[in-house]
Amino acid sequence: MVISSFHDSISERKHSWWYSFFLKCHSDDEDKPSWQPKHWQKFCPHPFCPTYRQFSRILGLGLIGIFSWCTLYTIVGNTAAPPDGKLFQLILLSICAHFGGWLMSLTTLPALVGMLSTGLLFQNIKIVNIDESFTEIINELSHVALVVILIRAGLDLDPPALHRLKYTVIKLSLIPWITEAGTVTVLSKYFFEHSLGLCCTTR
């Protein structure tokens, strides 16, 4: 009786904003037919609960992550131990950054904004606090992260829009760069009293 009334309320509120929000949380491939337990939809109605495929995927990834962390902990010891282990903090940051990116992707903003915001938040509230022993590793990870950010940003671009606005894109990319280079050159000449040739190579 309770389940039937719940399903009736769902059918009445299909045009509400929260129904649309939960529906947007599901990817397109979740609508494809797949096997699921007989009574799954009764206890986990769509779209307010994950599909059985999505639940199995999350459960599988969670178990793989836990077993991988246990293996890592047995190898490196306290470095991977929560909550102060540096490797544990990096793993936590990676997981939360992906989750923040997924939340941001539900809006019109790119997922990278959510990932970067998560990193800034964790650093400022001291959830992630990497000491000097990990400086070299962090530097290498920063280079890798920069490459990943540029690749993801490039993949998020719309090729038809770029082709349609190609001259605008060229102006937006060249004009700020030329302005910045010229400003640095002029200021270096007067503030540091360098030669003009050296000022041109400062940028």
# chains A, B, ... in the order shown; residues from 1 in each chain; ligands from 1
$ residues_around --residues "Met115 in chain A" --least-positions-apart "3" --cutoff "7 Å" --atoms "only C-alpha atoms" --output "JSON, numbers by chain"
{"A": [97, 98, 100, 101, 111, 112, 118, 119]}
$ atom_distance --atom1 "CA of Ala80 in chain A" --atom2 "CA of Phe99 in chain A"
20.9 Å
$ closest_residue --among "A:His163, A:Lys86, A:Ile151, A:Thr108" --to "Ile137 in chain A" --atoms "only C-alpha atoms"
A:Lys86
$ select_by_dssp --residues "range 118-200 of chain A" --states "helix (DSSP H, G or I)" --output "PyMOL selection string"
chain A and resi 118-124+132-155+159-164+166-191+196-200
$ closest_residue --among "A:Leu106, A:Ile149, A:Leu63, A:Val128" --to "Ile91 in chain A" --atoms "only C-alpha atoms"
A:Val128
$ closest_residue --among "A:Ser56, A:Asn124, A:Thr135, A:Asn129" --to "Leu92 in chain A" --atoms "only C-alpha atoms"
A:Asn129
$ residues_around --residues "Ile130 in chain A" --least-positions-apart "2" --cutoff "12 Å" --atoms "only C-alpha atoms" --output "ChimeraX atom specification"
/A:79,84-90,93,122-123,126-128,132-139
$ write_last_selection --atoms "C-alpha atoms" --output "CSV table (one decimal), in the first residue's frame"
chain,number,residue,atom,x,y,z
A,79,THR,CA,52.0,6.7,4.3
A,84,ASP,CA,47.1,11.8,7.9
A,85,GLY,CA,48.8,9.6,5.3
A,86,LYS,CA,49.8,11.6,2.3
A,87,LEU,CA,48.9,8.9,-0.2
A,88,PHE,CA,45.5,8.5,1.5
A,89,GLN,CA,45.0,12.3,1.2
A,90,LEU,CA,45.9,12.2,-2.5
A,93,LEU,CA,41.3,14.2,-3.1
A,122,PHE,CA,40.4,20.8,0.4
A,123,GLN,CA,43.6,22.8,0.5
A,126,LYS,CA,43.4,21.6,5.5
A,127,ILE,CA,41.8,18.3,4.6
A,128,VAL,CA,44.8,17.8,2.3
A,132,GLU,CA,58.0,18.6,2.1
A,133,SER,CA,58.7,14.9,1.8
A,134,PHE,CA,56.2,14.7,-1.1
A,135,THR,CA,57.3,17.9,-2.9
A,136,GLU,CA,59.0,16.1,-5.8
A,137,ILE,CA,56.0,13.8,-6.3
A,138,ILE,CA,53.6,16.7,-6.1
A,139,ASN,CA,55.6,18.6,-8.7
$ atom_distance --atom1 "CA of Gly62 in chain A" --atom2 "CA of Ile95 in chain A"
10.8 Å
